[in-house]
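See below for the structure under consideration.
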Amino acid sequence: MMDALDIFASAGLWAAVLRIATPLIFGTLGALISERAGVLNLGIEGIMTFGAMIGWMTVYHGGDLWLGLAVAALSGAVFGLLHAALTVPLGLSQHVTGLGITLFASSLSYFIFRLAIPVSGSPPTIVPFQVIKIPVLSDLPFLGEAVFSQTAPTYLAIALALVIAYALARTPLGLAIRIVGENPHAAEAQGIDPIRVRIGAVVFGSALMAMGGAFLTLAAFNSFFPTMVQGRGWVCIALVVFASWRPERALGGALLFALFDAYQLRLQHVVGKAIPYQLFLMIPYIMSILALLVMARRARVPQALMQPFRRGER
Amino acid sequence: MNVPVVLRLEGITKRFGALTANDDITLELRQGELLALLGENGAGKTTLMNILFGHYTADAGRVIAFSRELPPGKPRAAIEAGIGMVHQHFALAANLTVLENVIAGTRPLGALGLGSAAARTRLAALSAKFGLAVHPDARVGDLSVGERQRVEILKSLYRDAKVLILDEPTAVLTHQEAEQLYRTLRGMAELGLSIIFISHKLHEVLAAADRVTVLRGGKVVAERRASETTKDELAELMVGRRVARPHRESQAPGAIALRASGIDVGTTLKAIDFEVRAGETLGIIGVSGNGQHTLVRLVSGLERPTAGQLELYGAPAPRPSPRGFVAAGIGRIPEDRHADGAVGEMAVWENAVLERVREPRFSAGGLVRRAAGRAFAREIIERFDVRGGSEDSPIRLLSGGNMQKLILGRNLAESPRILIAAQPTRGLDEGAVAAVHGEILAARRAGTAVLLISEDLDEILALADRVQAIVKGRLSPAIPVEQADPRRLGLMMAGSWEDAA
């Protein structure tokens, strides 16, 4: 029998880590961009659910997998526009609006799903994204199996994290997003329109969230069920804090959380039934809380997060 | 004179409802000129500058910059015409670096790079040219107020501003920082920039400006060359009547009310000794940030001495607690009235009773006696001439001077035995300063022991009987105010009190 520590030596574990981390990377990046511009989007849980549903539905009705991902992103953008319209120009409470969108989008997902797919014993399936073995690199011992044998959206997520990290730090658009999230009045005095920047950030961020949800039905599984997001959205919100609002750390945080999750799944097999499996399920969350305790104290919160901007007011 | 006019405001009128904030104002600025816009709070200075910069749209009149009329209500157009504005409340992002604050919005949003290297060189050149030293990679939140103001000015210069407007630039600066700023502005004017600064401080206007335009009640009431006018004339023009700051009369002090012997508080205050007697004012002079904040907390019951002893009326002070100290007859005027003195969203009457709401006359059985609270507030409003709102208006609607009068009133209405006044006139205009000084002197006459903490030399010289300087958490020995002059106080504030003696 495998020892608890031997698990770390299996390439299978690390491949699973990347797979589990993918929706978290999308979701965390989405939440992060929106928050860097000063808008908290608690609609994430519902937007991920809707993305999972609509992406799957597109493919189920004959669409291409990439079309499914794109439709999911579009749906996320629409919910993002709704959230932004309510919270940015109108300045409504970001918490309440976000939670409302989660409830709305989750219920709507199930409603549409049930309208389109009658209740049946086993849920219908699609053919999901397949593993792409990157030539040469996937032949590397260990690393080849752990890192370079993933589905396309996983590679995309990692690339996005790096691109967004660069964009936030090194481009005028990234600087505009950051200054709007720190002090929208300063942005306005520099000729940047805080309202437009915020709406844009929320819409783009929400599209990423929905893509994270779609990964679940288009790559990780092959069917949709309404509870499948299972709090991943909330984990993303926590990961943003853990990452101190920095994309490269968000990537690390998502991988760390995924590691706990992948590890506990395997640990269940090693330890067997002596310990109730529910305890193992808790491990990633407990570890996240501990990690948050350490990291969040040093976190640098965007100063204007959750503060509505109104022209001509201070 | 054939120096070109760079900026001309013509017949600017702006109404807010029934109030005419600007009434047919015409103003000219020439190249290389330092123009001061002088007026009391509410005279319309800030409104005028906001129209010029395009934050507001005027009801009538035109703004002409470099012979071209500016479209109304467009800050971008003003920026592009070479007008830069430094607001009284800085518009800076604290978590971003100096460089990031300066270059935000200067490149198209679609660009792939920030062009940091070029921006850095340009910023360094501007810093050197205008004497505005500041580290480009410093986080703005870590900078002092004076340095932040430099960043604000650099932001405008970086965008090729030829005309610079500064709204109350010294309101938040220490005395030294203010002098430094005016030297810098003078240098900038000599290099060809044209500058308008808004102020209500007469000595600054006289010392720094070439020309002074006085605004009162939304109208231009006078224009003078700074070299051809006096403080008294300007004060009268600004207020519309003669204002004399009240005069301190000598009187014999009574028993010791408050005494500190050898007090340390952490590392911020070291071996503090002072005493204040009934009917006497002790002035503590010093540049902000030398331990005044902790000193005020100490005598307000918010801080516990780590060594030494605090005595009230000849007996050891009770365990520090704000309520206990209020009950012991200590009235407090906090340094930052918005942060510590008042709760902006709460009504005037609620703010009036805030410190004493537990007393039986203001509450019974866990319920607030609103009628008694309102009556108390009305009494203060009447006695201390608080204007701009009733007892039921939110206190944030009051001007700084009126808010300060309310805070002063809620303390003095109770005839405190000790009054702690920390920077009591910071940011107030001439009329309000005279009123606040009058009340502090009246309290002293009535036998209150006053501890006045201020960085304003004139204020200390006008109000205090004895003066101590605070430097890096230490207090100098006290000298009688008769022996104090600006030079000697300056030496004391620099920490060389042996030389000053």
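By convention here, the chains of the structure tokens are called A, B, ... in the order presented, each chain's residues are numbered starting at 1, and ligands are numbered starting at 1 in the order presented.
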
Find the residues in chain A near chain B: any atom within 10 Å counts, using only C-alpha atoms. Write them as a ChimeraX atom specification. /A:166-167,169-193,300-304,311-312,314

From segment 119-256 of chain A, collect each residue whose DSSP state is alpha helix (DSSP H) and return the set as an MDAnalysis selection string. chainID A and resid 143:146 152:170 172:182 184:189 194:215 232:242 247:256

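All residues of protein, DNA or RNA that reach within 8 Å of Trp14 of chain A, judged by only C-alpha atoms and not counting those fewer than 5 positions away in the chain, are A:Phe8, A:Ala146, A:Val147, A:Leu259.
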
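What separates atom CA of His200 of chain B from atom CA of Gly341 of chain B is a distance of 23.1 Å.
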
For Pro284 of chain A, work out the shell of residues within 8 Å, counting only C-alpha atoms and skipping chain neighbours fewer than 5 positions away, then give it as a PyMOL selection string. chain A and resi 257-258+260-261+264

Would you put the residues from that selection into a file with C-alpha atoms, as a PDB file, in the first residue's frame?
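Written output follows (out02.pdb):
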```pdb
ATOM      1  CA  PHE A 257      -5.616  24.879  -3.054  1.00  0.00           C
ATOM      2  CA  ALA A 258      -5.827  22.336  -5.854  1.00  0.00           C
ATOM      3  CA  PHE A 260      -4.729  20.106  -1.027  1.00  0.00           C
ATOM      4  CA  ASP A 261      -7.803  18.933  -2.887  1.00  0.00           C
ATOM      5  CA  GLN A 264      -7.040  14.576   0.089  1.00  0.00           C
TER       6      GLN A 264
END
```

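Atom CA of Glu391 of chain B is found 6.3 Å from atom CA of Arg374 of chain B.
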
Could you give me the residues within segment 305-350 of chain B that DSSP places in strand (DSSP E or B), as a ChimeraX atom specification? /B:307-312,315-316,330-333,347

Next, write the just-selected residues to a file, as a PDB file, in the first residue's frame, keeping C-alpha atoms as the atom set.
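Written file, result.pdb:
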```pdb
ATOM      1  CA  ALA B 307       6.912  56.123  33.131  1.00  0.00           C
ATOM      2  CA  GLY B 308       6.389  59.233  35.209  1.00  0.00           C
ATOM      3  CA  GLN B 309       3.211  60.667  36.642  1.00  0.00           C
ATOM      4  CA  LEU B 310       0.269  62.774  35.525  1.00  0.00           C
ATOM      5  CA  GLU B 311      -1.432  64.833  38.232  1.00  0.00           C
ATOM      6  CA  LEU B 312      -4.845  66.482  38.134  1.00  0.00           C
ATOM      7  CA  ALA B 315      -3.590  64.414  43.019  1.00  0.00           C
ATOM      8  CA  PRO B 316      -2.490  61.519  40.798  1.00  0.00           C
ATOM      9  CA  ILE B 330     -11.187  68.176  30.969  1.00  0.00           C
ATOM     10  CA  GLY B 331     -12.523  69.632  27.754  1.00  0.00           C
ATOM     11  CA  ARG B 332     -10.882  68.611  24.501  1.00  0.00           C
ATOM     12  CA  ILE B 333     -10.600  70.191  21.072  1.00  0.00           C
ATOM     13  CA  ALA B 347     -26.841  65.527  13.612  1.00  0.00           C
TER      14      ALA B 347
END
```

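Nearest residue to Leu82 of chain A, choosing from A:Thr49, A:Asn41, A:Thr28, A:Gln268 and counting only C-alpha atoms: A:Asn41.
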
If you count only C-alpha atoms, the residue of B:Ile272, B:Leu451, B:Leu367, B:Ala446 closest to Gly254 of chain B turns out to be B:Ala446

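Distance check against Lys270 of chain B using only C-alpha atoms: of B:Arg245, B:Lys129, B:Arg216, B:Arg474, the minimum falls on B:Arg474.
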
As a check of understanding: the span from atom CA of Gly121 of chain A to atom CA of Met57 of chain A is 18.2 Å

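You can rank A:Phe309, A:Trp56, A:Phe26, A:Tyr263 by their closest distance to Leu156 of chain A using only C-alpha atoms, and at the top of that list sits A:Phe26.
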
Test item: residues at most 12 Å from Val467 of chain B, only C-alpha atoms, excluding those fewer than 6 positions along its chain, as a VMD selection string: chain B and resid 274 to 276 280 to 286 450 to 455 457 459 to 461 475 to 486 488 to 489 492 to 493 497

Deliver the residues from the most recent selection as a file, using C-alpha atoms, as a PDB file, in the first residue's frame.
```
ATOM      1  CA  PHE B 274       4.958  70.644  32.262  1.00  0.00           C
ATOM      2  CA  GLU B 275       2.385  72.282  34.468  1.00  0.00           C
ATOM      3  CA  VAL B 276      -0.664  74.372  33.690  1.00  0.00           C
ATOM      4  CA  GLU B 280      -3.304  80.335  32.523  1.00  0.00           C
ATOM      5  CA  THR B 281      -2.491  79.179  29.008  1.00  0.00           C
ATOM      6  CA  LEU B 282       0.520  76.999  28.340  1.00  0.00           C
ATOM      7  CA  GLY B 283       1.471  76.987  24.682  1.00  0.00           C
ATOM      8  CA  ILE B 284       3.243  73.978  23.199  1.00  0.00           C
ATOM      9  CA  ILE B 285       4.844  75.007  19.936  1.00  0.00           C
ATOM     10  CA  GLY B 286       6.351  72.598  17.463  1.00  0.00           C
ATOM     11  CA  VAL B 450      -5.630  75.917  28.923  1.00  0.00           C
ATOM     12  CA  LEU B 451      -3.112  73.641  27.236  1.00  0.00           C
ATOM     13  CA  LEU B 452      -2.700  74.987  23.707  1.00  0.00           C
ATOM     14  CA  ILE B 453      -0.853  72.821  21.220  1.00  0.00           C
ATOM     15  CA  SER B 454      -0.131  74.659  17.999  1.00  0.00           C
ATOM     16  CA  GLU B 455       2.367  75.020  15.196  1.00  0.00           C
ATOM     17  CA  LEU B 457       3.714  81.072  15.955  1.00  0.00           C
ATOM     18  CA  GLU B 459      -1.365  81.886  17.627  1.00  0.00           C
ATOM     19  CA  ILE B 460       1.033  80.914  20.415  1.00  0.00           C
ATOM     20  CA  LEU B 461       2.246  84.498  20.798  1.00  0.00           C
ATOM     21  CA  LEU B 475       9.650  69.335  25.818  1.00  0.00           C
ATOM     22  CA  SER B 476      11.868  72.364  26.299  1.00  0.00           C
ATOM     23  CA  PRO B 477      11.740  74.238  29.602  1.00  0.00           C
ATOM     24  CA  ALA B 478       9.014  76.871  29.703  1.00  0.00           C
ATOM     25  CA  ILE B 479       9.686  80.519  28.947  1.00  0.00           C
ATOM     26  CA  PRO B 480       7.294  83.404  29.574  1.00  0.00           C
ATOM     27  CA  VAL B 481       5.721  84.618  26.345  1.00  0.00           C
ATOM     28  CA  GLU B 482       7.130  88.123  26.948  1.00  0.00           C
ATOM     29  CA  GLN B 483      10.587  86.685  26.362  1.00  0.00           C
ATOM     30  CA  ALA B 484       9.528  84.806  23.252  1.00  0.00           C
ATOM     31  CA  ASP B 485      10.105  86.174  19.786  1.00  0.00           C
ATOM     32  CA  PRO B 486       9.959  84.327  16.482  1.00  0.00           C
ATOM     33  CA  ARG B 488      13.977  82.432  19.859  1.00  0.00           C
ATOM     34  CA  LEU B 489      10.950  80.192  19.331  1.00  0.00           C
ATOM     35  CA  MET B 492      13.580  76.213  20.505  1.00  0.00           C
ATOM     36  CA  MET B 493      11.583  74.404  17.816  1.00  0.00           C
ATOM     37  CA  TRP B 497      16.876  75.433  23.687  1.00  0.00           C
TER      38      TRP B 497
END
```

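Look at Val239 of chain B: the protein and nucleic acid residues within 10 Å of it, using only C-alpha atoms and passing over chain neighbours fewer than 2 places away, are B:Gly39, B:Glu40, B:Ala43, B:Val214, B:Leu215, B:Arg216, B:Gly217, B:Leu234, B:Ala235, B:Glu236, B:Leu237, B:Arg241, B:Arg242, B:Val243, B:Asp429, B:Glu430, B:Gly431.
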
Write the residues of the selection above to a file with C-alpha atoms, as a CSV table (one decimal), in the first residue's frame.
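And here is the file that came out, result-v6.csv:
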```
chain,number,residue,atom,x,y,z
B,39,GLY,CA,-11.0,85.3,0.3
B,40,GLU,CA,-12.7,83.8,3.3
B,43,ALA,CA,-16.2,83.7,-0.9
B,214,VAL,CA,-9.6,89.7,-3.1
B,215,LEU,CA,-12.9,87.9,-3.4
B,216,ARG,CA,-15.8,88.5,-1.1
B,217,GLY,CA,-19.3,87.2,-1.4
B,234,LEU,CA,-6.2,92.9,3.0
B,235,ALA,CA,-7.9,91.6,6.2
B,236,GLU,CA,-10.5,94.4,6.0
B,237,LEU,CA,-11.1,93.9,2.3
B,241,ARG,CA,-15.0,95.1,8.2
B,242,ARG,CA,-12.2,95.6,10.5
B,243,VAL,CA,-11.2,92.4,12.3
B,429,ASP,CA,-10.5,81.7,8.0
B,430,GLU,CA,-9.7,85.0,9.6
B,431,GLY,CA,-13.2,85.6,11.1
```

Using only C-alpha atoms, determine which residues lie at most 7 Å from segment 184-190 of chain B, disregarding the query and same-chain residues fewer than 3 positions distant; provide the list as a VMD selection string. chain B and resid 32 to 34 130 to 131 180 to 181 193 to 195
